[in-house]
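Have a look at the structure below before the remarks.
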Amino acid sequence: MGLGSRLLIAFVIVIGVMVTSFSVFALFSEFRSTRLAADQKVGMAASKVGRDNIALQLSSEAFARVVLTNGSVMQAYARKDRSGTKDALNNLIRQETFPGFVTIIDENGAVFYSTETPNKHGFSAKQNEAVQYVLQTKEIFRGATDFSATQTFTMSSILPIFDGSKNFRGLVAVSHPLTSEYLLGEVTKFGMEEPTPVQGI
């Protein structure tokens, strides 16, 4: 094989390597930019989930404080009048158009009344970590939990109940169920807030 032929072959090989290298680099660049875009989208979604979870916790806490300052509810509970507590809570929920449920737990960790399961009471919720935390520390719990009879996963705020003499008398828990309907609503809202999805993943 002459020198010219060998140079031609070498030239073809170099061109081939260059084309392959450029193709690999182009694919890598496209993949990298796509992954970066995906990472940004995931970060934005996580931020929005955190934002909405905090909003649920704050709205739950706000309604729990409404319950704590409602004389009809607190007086009925102090008398251990379950029927009176039920009526007072239901009236309050109707007035405030609250979408979740309210649970009153006594100082021993037993469920006194829940608007989620009105006919189920007396069972212990003390084994739940969120309930344990408030029973032991007498401080507010905010976050996800599943202390109810149905073990529904909720975003809740649990506050201690004190009587007029500052004696600890139990807990009031206000909960927003994280149902499939709620999660679907979140997905729809995220889609409206960020209409351009990531492509090519």
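Ligands are numbered from 1 in the order shown, chains are lettered A, B, ... in the order of the structure tokens, and residues start at 1 in each chain.
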
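Neighbours of region 79-82 of chain A closer than or equal to 10 Å, with only C-alpha atoms counted and sequence neighbours fewer than 2 positions away skipped, come out as A:Val73, A:Met74, A:Gln75, A:Ala76, A:Tyr77, A:Gly84, A:Thr85, A:Lys86, A:Asp87, A:Ala88, A:Asp106, A:Phe112, A:Tyr113, A:Ser114, A:Pro118, A:His121.
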
Please write the residues from the selection above to a file, keeping C-alpha atoms, as a PDB file, in the first residue's frame.
ATOM      1  CA  VAL A  73     -66.654  23.184  72.645  1.00  0.00           C
ATOM      2  CA  MET A  74     -64.359  23.609  75.637  1.00  0.00           C
ATOM      3  CA  GLN A  75     -67.163  23.660  78.203  1.00  0.00           C
ATOM      4  CA  ALA A  76     -68.726  20.519  76.762  1.00  0.00           C
ATOM      5  CA  TYR A  77     -65.347  18.773  76.780  1.00  0.00           C
ATOM      6  CA  GLY A  84     -72.407  18.397  73.539  1.00  0.00           C
ATOM      7  CA  THR A  85     -68.849  18.343  72.177  1.00  0.00           C
ATOM      8  CA  LYS A  86     -70.101  16.781  68.952  1.00  0.00           C
ATOM      9  CA  ASP A  87     -72.801  19.411  68.449  1.00  0.00           C
ATOM     10  CA  ALA A  88     -70.489  22.315  69.271  1.00  0.00           C
ATOM     11  CA  ASP A 106     -57.878  13.403  76.658  1.00  0.00           C
ATOM     12  CA  PHE A 112     -62.630  11.527  73.360  1.00  0.00           C
ATOM     13  CA  TYR A 113     -64.299  12.593  70.120  1.00  0.00           C
ATOM     14  CA  SER A 114     -63.435  12.851  66.427  1.00  0.00           C
ATOM     15  CA  PRO A 118     -68.051  10.134  65.494  1.00  0.00           C
ATOM     16  CA  HIS A 121     -64.020   6.835  70.769  1.00  0.00           C
TER      17      HIS A 121
END

For the contact check between region 67-131 of chain A and region 146-161 of chain A, emit one row per residue of region 67-131 of chain A within 8 Å, containing the shortest atom pair and the distance in Å rounded to one decimal, counting only C-alpha atoms, chain then rising number order, as a tab-separated table.
residue	atom	partner	partner_atom	distance
A:Leu68	CA	A:Ile161	CA	7.1
A:Thr117	CA	A:Ala149	CA	7.3
A:Lys120	CA	A:Ala149	CA	7.4
A:Ala125	CA	A:Phe147	CA	5.9
A:Asn128	CA	A:Phe147	CA	5.7
A:Ala130	CA	A:Phe147	CA	7.8
A:Val131	CA	A:Phe147	CA	7.5

Open item on the list: Restricting the calculation to only C-alpha atoms: of A:Asn90, A:Thr145, A:Asn119, A:Ile105, which residue gets closest to Ala78 (chain A)?
Closed with: A:Ile105

- [ ] For region 54-67 of chain A, list every protein, DNA or RNA residue within 9 Å, evaluated using only C-alpha atoms, and leave out those in the same chain fewer than 3 positions away; present the list as number ranges by chain.
- [x] A: 49-51, 70-71, 73-74, 89, 92, 96, 98, 100, 102, 140, 142-144, 155-159, 172-176

- [ ] Can you work out which one of A:Val111, A:Leu178, A:Leu171, A:Ile93 has the shortest atom-to-atom distance to Gln136 (chain A), counting only C-alpha atoms?
- [x] A:Leu171

- [ ] Based on DSSP run over this structure's backbone, return all residues of region 77-153 of chain A in strand (DSSP E), as a PyMOL selection string.
- [x] chain A and resi 101-106+111-114+141-145

Task: Near-Lys126 (chain A) list (8 Å; only C-alpha atoms; drop same-chain fewer than 3 positions) as a list in words - done: Asn108, Gly109, Ala110, Glu129, Val131 and Gln132 of chain A

Task: Residue among A:Ser72, A:Pro177, A:Asn167, A:Asp52 lying closest to Lys138 (chain A), counting only C-alpha atoms - done: A:Asn167

Open item on the list: Report, in Å to a single decimal, how far apart CA of Glu139 (chain A) and CA of Gly122 (chain A) are.
Closed with: 22.9 Å
